[in-house]
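Asker: Input file: coords36.txt. Contents: compact mmCIF, N, CA and C atoms.
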# COMPACT_ATOMS: atom_id res chain seq x y z
N MET F 20 7.11 2.15 15.37
CA MET F 20 6.43 3.02 14.41
C MET F 20 6.87 2.65 12.99
N ALA F 21 5.93 2.63 12.08
CA ALA F 21 6.20 2.26 10.70
C ALA F 21 6.97 3.37 9.99
N SER F 22 7.88 2.96 9.14
CA SER F 22 8.66 3.94 8.41
C SER F 22 7.85 4.48 7.23
N VAL F 23 8.09 5.73 6.93
CA VAL F 23 7.39 6.41 5.84
C VAL F 23 8.28 6.40 4.61
N CYS F 24 7.72 5.99 3.48
CA CYS F 24 8.42 5.99 2.20
C CYS F 24 7.95 7.19 1.39
N HIS F 25 8.88 7.78 0.66
CA HIS F 25 8.55 8.90 -0.21
C HIS F 25 8.68 8.42 -1.66
N ILE F 26 7.60 8.55 -2.41
CA ILE F 26 7.54 8.04 -3.77
C ILE F 26 7.26 9.19 -4.72
N LEU F 27 8.06 9.29 -5.76
CA LEU F 27 7.88 10.32 -6.77
C LEU F 27 6.81 9.86 -7.76
N LEU F 28 5.84 10.72 -8.02
CA LEU F 28 4.76 10.43 -8.97
C LEU F 28 4.88 11.39 -10.15
N PRO F 29 5.60 11.01 -11.20
CA PRO F 29 5.80 11.90 -12.33
C PRO F 29 4.51 12.12 -13.13
N SER F 30 4.27 13.36 -13.50
CA SER F 30 3.09 13.75 -14.29
C SER F 30 1.80 13.17 -13.72
N PHE F 31 1.65 13.29 -12.43
CA PHE F 31 0.53 12.67 -11.72
C PHE F 31 -0.82 13.08 -12.28
N LEU F 32 -1.06 14.38 -12.39
CA LEU F 32 -2.39 14.85 -12.83
C LEU F 32 -2.66 14.55 -14.30
N ARG F 33 -1.62 14.52 -15.12
CA ARG F 33 -1.82 14.26 -16.55
C ARG F 33 -2.09 12.78 -16.83
N ARG F 34 -1.62 11.91 -15.95
CA ARG F 34 -1.77 10.47 -16.17
C ARG F 34 -3.08 9.93 -15.64
N ALA F 35 -3.75 10.66 -14.78
CA ALA F 35 -4.95 10.13 -14.13
C ALA F 35 -6.18 10.96 -14.50
N LEU F 36 -7.19 10.28 -15.04
CA LEU F 36 -8.48 10.93 -15.22
C LEU F 36 -9.15 11.00 -13.86
N ARG F 37 -10.00 11.95 -13.67
CA ARG F 37 -10.67 12.15 -12.38
C ARG F 37 -9.63 12.22 -11.25
N ALA F 38 -8.59 13.04 -11.48
CA ALA F 38 -7.47 13.15 -10.54
C ALA F 38 -7.93 13.65 -9.17
N PHE F 39 -8.97 14.48 -9.14
CA PHE F 39 -9.47 14.97 -7.86
C PHE F 39 -9.94 13.81 -6.99
N GLU F 40 -10.62 12.84 -7.59
CA GLU F 40 -11.09 11.67 -6.84
C GLU F 40 -9.92 10.80 -6.39
N LEU F 41 -8.90 10.66 -7.25
CA LEU F 41 -7.73 9.87 -6.89
C LEU F 41 -6.98 10.53 -5.73
N LYS F 42 -6.84 11.83 -5.77
CA LYS F 42 -6.18 12.54 -4.66
C LYS F 42 -6.97 12.34 -3.37
N ALA F 43 -8.28 12.41 -3.43
CA ALA F 43 -9.11 12.21 -2.24
C ALA F 43 -8.98 10.77 -1.72
N LEU F 44 -8.93 9.81 -2.64
CA LEU F 44 -8.78 8.41 -2.25
C LEU F 44 -7.44 8.20 -1.54
N ILE F 45 -6.38 8.78 -2.07
CA ILE F 45 -5.06 8.64 -1.47
C ILE F 45 -5.01 9.30 -0.10
N ARG F 46 -5.54 10.49 -0.01
CA ARG F 46 -5.50 11.21 1.27
C ARG F 46 -6.42 10.57 2.31
N SER F 47 -7.46 9.87 1.88
CA SER F 47 -8.36 9.22 2.84
C SER F 47 -7.68 8.08 3.59
N SER F 48 -6.59 7.57 3.05
CA SER F 48 -5.85 6.51 3.74
C SER F 48 -4.83 7.07 4.72
N GLY F 49 -4.76 8.39 4.85
CA GLY F 49 -3.85 9.00 5.81
C GLY F 49 -2.51 9.38 5.23
N CYS F 50 -2.33 9.25 3.94
CA CYS F 50 -1.06 9.58 3.30
C CYS F 50 -0.96 11.07 3.04
N GLU F 51 0.26 11.51 2.80
CA GLU F 51 0.48 12.90 2.43
C GLU F 51 0.82 12.94 0.95
N LEU F 52 0.11 13.74 0.21
CA LEU F 52 0.33 13.89 -1.22
C LEU F 52 0.60 15.37 -1.47
N SER F 53 1.78 15.67 -2.03
CA SER F 53 2.13 17.08 -2.22
C SER F 53 2.81 17.28 -3.57
N ARG F 54 2.60 18.43 -4.10
CA ARG F 54 3.20 18.80 -5.37
C ARG F 54 4.63 19.27 -5.12
N ILE F 55 5.52 18.91 -6.01
CA ILE F 55 6.92 19.31 -5.87
C ILE F 55 7.11 20.62 -6.62
N GLY F 56 7.20 21.71 -5.85
CA GLY F 56 7.38 23.03 -6.44
C GLY F 56 6.27 23.37 -7.41
N ARG F 57 6.67 23.89 -8.57
CA ARG F 57 5.70 24.24 -9.60
C ARG F 57 5.70 23.23 -10.74
N SER F 58 6.35 22.11 -10.53
CA SER F 58 6.44 21.09 -11.58
C SER F 58 5.14 20.29 -11.65
N ARG F 59 5.08 19.38 -12.59
CA ARG F 59 3.91 18.50 -12.70
C ARG F 59 4.10 17.22 -11.91
N ASN F 60 5.21 17.12 -11.21
CA ASN F 60 5.51 15.94 -10.40
C ASN F 60 4.97 16.11 -8.98
N TRP F 61 4.55 14.99 -8.40
CA TRP F 61 4.01 14.97 -7.05
C TRP F 61 4.78 13.97 -6.22
N ARG F 62 4.70 14.09 -4.90
CA ARG F 62 5.37 13.17 -3.99
C ARG F 62 4.33 12.59 -3.04
N LEU F 63 4.38 11.27 -2.90
CA LEU F 63 3.50 10.56 -1.99
C LEU F 63 4.34 10.09 -0.81
N SER F 64 3.91 10.43 0.39
CA SER F 64 4.57 9.98 1.62
C SER F 64 3.59 9.06 2.33
N ALA F 65 3.97 7.78 2.45
CA ALA F 65 3.05 6.78 3.01
C ALA F 65 3.81 5.65 3.67
N THR F 66 3.14 5.01 4.61
CA THR F 66 3.70 3.79 5.22
C THR F 66 3.31 2.61 4.35
N ARG F 67 3.88 1.46 4.65
CA ARG F 67 3.60 0.25 3.89
C ARG F 67 2.12 -0.12 3.97
N GLU F 68 1.53 0.00 5.16
CA GLU F 68 0.11 -0.34 5.32
C GLU F 68 -0.77 0.61 4.51
N GLN F 69 -0.40 1.88 4.50
CA GLN F 69 -1.18 2.86 3.74
C GLN F 69 -1.09 2.56 2.25
N MET F 70 0.10 2.15 1.78
CA MET F 70 0.25 1.80 0.37
C MET F 70 -0.62 0.60 0.02
N SER F 71 -0.67 -0.38 0.90
CA SER F 71 -1.53 -1.56 0.67
C SER F 71 -3.00 -1.13 0.58
N GLU F 72 -3.39 -0.21 1.44
CA GLU F 72 -4.76 0.28 1.43
C GLU F 72 -5.08 1.02 0.13
N ILE F 73 -4.15 1.83 -0.34
CA ILE F 73 -4.34 2.56 -1.60
C ILE F 73 -4.46 1.57 -2.76
N ILE F 74 -3.59 0.56 -2.79
CA ILE F 74 -3.64 -0.43 -3.86
C ILE F 74 -4.99 -1.13 -3.88
N GLU F 75 -5.47 -1.50 -2.71
CA GLU F 75 -6.78 -2.17 -2.61
C GLU F 75 -7.91 -1.25 -3.10
N LYS F 76 -7.87 0.00 -2.72
CA LYS F 76 -8.91 0.95 -3.15
C LYS F 76 -8.88 1.18 -4.65
N ILE F 77 -7.69 1.24 -5.24
CA ILE F 77 -7.59 1.42 -6.69
C ILE F 77 -8.12 0.19 -7.41
N HIS F 78 -7.81 -1.00 -6.89
CA HIS F 78 -8.37 -2.23 -7.48
C HIS F 78 -9.89 -2.20 -7.44
N GLN F 79 -10.47 -1.73 -6.34
CA GLN F 79 -11.92 -1.69 -6.20
C GLN F 79 -12.56 -0.65 -7.11
N SER F 80 -11.84 0.41 -7.41
CA SER F 80 -12.41 1.49 -8.21
C SER F 80 -12.55 1.11 -9.69
N ASP F 81 -11.69 0.26 -10.20
CA ASP F 81 -11.70 -0.16 -11.61
C ASP F 81 -11.56 1.01 -12.58
N GLU F 82 -10.91 2.07 -12.16
CA GLU F 82 -10.61 3.20 -13.06
C GLU F 82 -9.33 2.87 -13.81
N ALA F 83 -9.41 2.76 -15.11
CA ALA F 83 -8.27 2.33 -15.93
C ALA F 83 -7.10 3.29 -15.87
N SER F 84 -7.37 4.59 -15.76
CA SER F 84 -6.27 5.55 -15.76
C SER F 84 -5.53 5.62 -14.43
N TRP F 85 -5.98 4.90 -13.43
CA TRP F 85 -5.29 4.88 -12.12
C TRP F 85 -4.41 3.66 -11.96
N GLN F 86 -4.51 2.71 -12.87
CA GLN F 86 -3.83 1.42 -12.72
C GLN F 86 -2.30 1.54 -12.76
N TRP F 87 -1.76 2.58 -13.38
CA TRP F 87 -0.31 2.76 -13.44
C TRP F 87 0.30 2.94 -12.05
N LEU F 88 -0.52 3.36 -11.11
CA LEU F 88 -0.04 3.61 -9.75
C LEU F 88 0.19 2.32 -8.96
N ILE F 89 -0.52 1.26 -9.29
CA ILE F 89 -0.41 0.00 -8.54
C ILE F 89 0.99 -0.60 -8.62
N PRO F 90 1.57 -0.82 -9.81
CA PRO F 90 2.93 -1.40 -9.83
C PRO F 90 3.97 -0.49 -9.19
N LEU F 91 3.79 0.80 -9.30
CA LEU F 91 4.72 1.74 -8.70
C LEU F 91 4.69 1.63 -7.17
N LEU F 92 3.51 1.53 -6.61
CA LEU F 92 3.38 1.38 -5.15
C LEU F 92 3.87 0.02 -4.70
N GLU F 93 3.56 -1.04 -5.45
CA GLU F 93 4.00 -2.38 -5.06
C GLU F 93 5.52 -2.49 -5.08
N LYS F 94 6.14 -1.84 -6.05
CA LYS F 94 7.60 -1.87 -6.14
C LYS F 94 8.23 -1.15 -4.94
N ASN F 95 7.66 -0.03 -4.55
CA ASN F 95 8.21 0.76 -3.46
C ASN F 95 7.78 0.28 -2.08
N LYS F 96 6.79 -0.56 -2.04
CA LYS F 96 6.29 -1.06 -0.76
C LYS F 96 7.33 -1.95 -0.09
N GLY F 97 8.06 -2.70 -0.86
CA GLY F 97 9.11 -3.55 -0.30
C GLY F 97 8.54 -4.78 0.38
N ASN F 98 9.40 -5.49 1.07
CA ASN F 98 9.00 -6.72 1.74
C ASN F 98 8.77 -6.48 3.23
N PHE F 99 7.84 -7.22 3.77
CA PHE F 99 7.54 -7.14 5.20
C PHE F 99 8.57 -7.95 5.97
N THR F 100 8.95 -7.48 7.14
CA THR F 100 9.76 -8.28 8.04
C THR F 100 8.83 -9.23 8.79
N GLN F 101 9.41 -10.22 9.46
CA GLN F 101 8.59 -11.18 10.20
C GLN F 101 7.81 -10.47 11.31
N THR F 102 8.42 -9.48 11.95
CA THR F 102 7.75 -8.72 13.01
C THR F 102 6.56 -7.96 12.44
N GLU F 103 6.73 -7.36 11.27
CA GLU F 103 5.62 -6.62 10.64
C GLU F 103 4.50 -7.58 10.23
N LEU F 104 4.86 -8.76 9.75
CA LEU F 104 3.84 -9.75 9.42
C LEU F 104 3.06 -10.16 10.66
N LEU F 105 3.79 -10.37 11.76
CA LEU F 105 3.14 -10.75 13.02
C LEU F 105 2.20 -9.64 13.50
N ASN F 106 2.61 -8.40 13.37
CA ASN F 106 1.75 -7.27 13.76
C ASN F 106 0.50 -7.21 12.88
N LEU F 107 0.67 -7.52 11.61
CA LEU F 107 -0.47 -7.54 10.69
C LEU F 107 -1.46 -8.64 11.09
N VAL F 108 -0.94 -9.80 11.50
CA VAL F 108 -1.81 -10.89 11.94
C VAL F 108 -2.49 -10.51 13.25
N ARG F 109 -1.78 -9.84 14.15
CA ARG F 109 -2.39 -9.41 15.42
C ARG F 109 -3.55 -8.45 15.19
N ARG F 110 -3.43 -7.59 14.20
CA ARG F 110 -4.52 -6.65 13.89
C ARG F 110 -5.68 -7.33 13.19
N ASN F 111 -5.39 -8.43 12.48
CA ASN F 111 -6.42 -9.18 11.74
C ASN F 111 -6.33 -10.65 12.13
N PRO F 112 -6.79 -11.03 13.32
CA PRO F 112 -6.59 -12.40 13.80
C PRO F 112 -7.28 -13.47 12.96
N GLN F 113 -8.29 -13.13 12.22
CA GLN F 113 -9.01 -14.12 11.42
C GLN F 113 -8.45 -14.24 10.00
N ILE F 114 -7.33 -13.62 9.71
CA ILE F 114 -6.76 -13.62 8.36
C ILE F 114 -6.26 -15.03 8.00
N SER F 115 -6.48 -15.40 6.75
CA SER F 115 -6.01 -16.71 6.28
C SER F 115 -4.61 -16.57 5.70
N VAL F 116 -3.97 -17.69 5.46
CA VAL F 116 -2.62 -17.68 4.89
C VAL F 116 -2.65 -17.01 3.51
N ASN F 117 -3.63 -17.37 2.69
CA ASN F 117 -3.72 -16.79 1.35
C ASN F 117 -3.95 -15.29 1.39
N GLU F 118 -4.81 -14.84 2.27
CA GLU F 118 -5.06 -13.40 2.39
C GLU F 118 -3.79 -12.67 2.82
N LEU F 119 -3.05 -13.26 3.74
CA LEU F 119 -1.81 -12.64 4.21
C LEU F 119 -0.77 -12.60 3.10
N VAL F 120 -0.68 -13.65 2.31
CA VAL F 120 0.26 -13.68 1.18
C VAL F 120 -0.07 -12.57 0.19
N ILE F 121 -1.35 -12.40 -0.10
CA ILE F 121 -1.76 -11.37 -1.05
C ILE F 121 -1.56 -9.97 -0.46
N MET F 122 -1.95 -9.79 0.77
CA MET F 122 -1.87 -8.47 1.40
C MET F 122 -0.43 -8.02 1.60
N ALA F 123 0.44 -8.94 2.04
CA ALA F 123 1.82 -8.57 2.38
C ALA F 123 2.82 -8.88 1.28
N ASN F 124 2.37 -9.54 0.22
CA ASN F 124 3.25 -9.92 -0.87
C ASN F 124 4.44 -10.72 -0.32
N CYS F 125 4.13 -11.71 0.51
CA CYS F 125 5.16 -12.55 1.12
C CYS F 125 4.99 -13.98 0.64
N THR F 126 5.89 -14.86 1.05
CA THR F 126 5.78 -16.26 0.67
C THR F 126 4.79 -16.96 1.59
N ILE F 127 4.36 -18.14 1.17
CA ILE F 127 3.43 -18.92 1.99
C ILE F 127 4.10 -19.32 3.30
N ALA F 128 5.38 -19.66 3.23
CA ALA F 128 6.10 -20.07 4.44
C ALA F 128 6.18 -18.92 5.45
N GLU F 129 6.44 -17.71 4.97
CA GLU F 129 6.49 -16.55 5.88
C GLU F 129 5.13 -16.28 6.51
N ALA F 130 4.07 -16.42 5.70
CA ALA F 130 2.72 -16.19 6.22
C ALA F 130 2.36 -17.25 7.26
N ARG F 131 2.68 -18.51 6.98
CA ARG F 131 2.38 -19.58 7.93
C ARG F 131 3.14 -19.38 9.24
N LYS F 132 4.40 -18.98 9.13
CA LYS F 132 5.20 -18.77 10.34
C LYS F 132 4.60 -17.66 11.20
N ALA F 133 4.19 -16.54 10.57
CA ALA F 133 3.61 -15.43 11.33
C ALA F 133 2.31 -15.86 12.00
N ILE F 134 1.47 -16.61 11.30
CA ILE F 134 0.20 -17.07 11.89
C ILE F 134 0.46 -18.07 13.01
N ASP F 135 1.43 -18.97 12.81
CA ASP F 135 1.78 -19.93 13.86
C ASP F 135 2.31 -19.23 15.10
N VAL F 136 3.15 -18.26 14.92
CA VAL F 136 3.70 -17.51 16.07
C VAL F 136 2.55 -16.83 16.83
N TYR F 137 1.61 -16.26 16.09
CA TYR F 137 0.48 -15.60 16.73
C TYR F 137 -0.39 -16.61 17.50
N GLU F 138 -0.73 -17.73 16.83
CA GLU F 138 -1.65 -18.70 17.42
C GLU F 138 -1.02 -19.49 18.57
N TRP F 139 0.26 -19.81 18.46
CA TRP F 139 0.90 -20.67 19.45
C TRP F 139 1.76 -19.88 20.45
N GLY F 140 1.93 -18.60 20.21
CA GLY F 140 2.71 -17.79 21.13
C GLY F 140 4.20 -18.11 21.11
N GLU F 141 4.67 -18.65 19.97
CA GLU F 141 6.08 -18.96 19.84
C GLU F 141 6.86 -17.70 19.53
N SER F 142 8.18 -17.79 19.60
CA SER F 142 8.98 -16.63 19.23
C SER F 142 9.96 -16.94 18.14
Using C-alpha cells, write down the structure from this file.
Answerer:
Amino acid sequence: MASVCHILLPSFLRRALRAFELKALIRSSGCELSRIGRSRNWRLSATREQMSEIIEKIHQSDEASWQWLIPLLEKNKGNFTQTELLNLVRRNPQISVNELVIMANCTIAEARKAIDVYEWGES
C-alpha cells in the first residue's frame, strides 16, 4: 500500500483564484483536503501517484494562480523506489522511458532498469 503524505498548504484559498474548482480538482484524484481548525491553512493528504495526477491536472488547466502548488507537490512527492517504478510500469505497460522519467521524476537509468525488469522478468 502506498504511503500517504501530509502537506501543509498555507493561505490556500487566498492564493488560488477559482479555489472551488481547485478543491474539486484535488478531491477528484482521491486526495483528502481539509482545513486546519479555523485558520486559513489547509492540509492535503495524498499518495505519490495522487500528487502526480494533481500536478498533471494543474498543468492542463493553465490557471496561473494554481501554479504555486506544483513545486510544493513536487518537493513533497519525493523519489520513487525501484519497486514503485516497476509497479508504475506494470500499470502502464506501453510507457516510454521519457514518459516514465517525467512522470516519476527519476533518472533515465532508473527508468530503463524498471522497464527492462518488467519486459524481461528480471529481478
Asker: Using only N, CA and C atoms for the distances, tell me which of F:Asn111, F:Ser84, F:Ser47, F:Asn60 is nearest to F:Ala35.
Answerer: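 So, comparing all the options, the nearest one is F:Ser84.
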Asker: In Å, how far is it from atom CA of F:Ser30 to atom CA of F:Arg59?
Answerer: 5.1 Å
Asker: I need the residue nearest F:His25 from this list: F:Cys50, F:Leu91, F:Ser64, F:Arg57. Use only C-alpha atoms for the distance.
Answerer: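 Looking only at the distances to F:His25, the closest residue turns out to be F:Ser64.
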Asker: Just how far from atom CA of F:Gln113 is atom C of F:Ala43, in Å to one decimal?
Answerer: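 Between atom C of F:Ala43 and atom CA of F:Gln113 the gap works out to 28.1 Å.
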Asker: Give the answer as one residue: which of F:Arg67, F:Ile55, F:Ala123, F:Phe31 has the shortest atom-to-atom distance to F:Asn95, using all atoms listed in the file?
Answerer: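 Checking each of F:Arg67, F:Ile55, F:Ala123, F:Phe31 against F:Asn95, counting all atoms listed in the file, the winner is F:Arg67.
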Asker: From the list F:Arg131, F:Leu105, F:Trp61, F:Glu138, which residue is nearest F:Asn117 when using all atoms listed in the file?
Answerer: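 Checking each candidate against F:Asn117, we get F:Arg131 as the closest.
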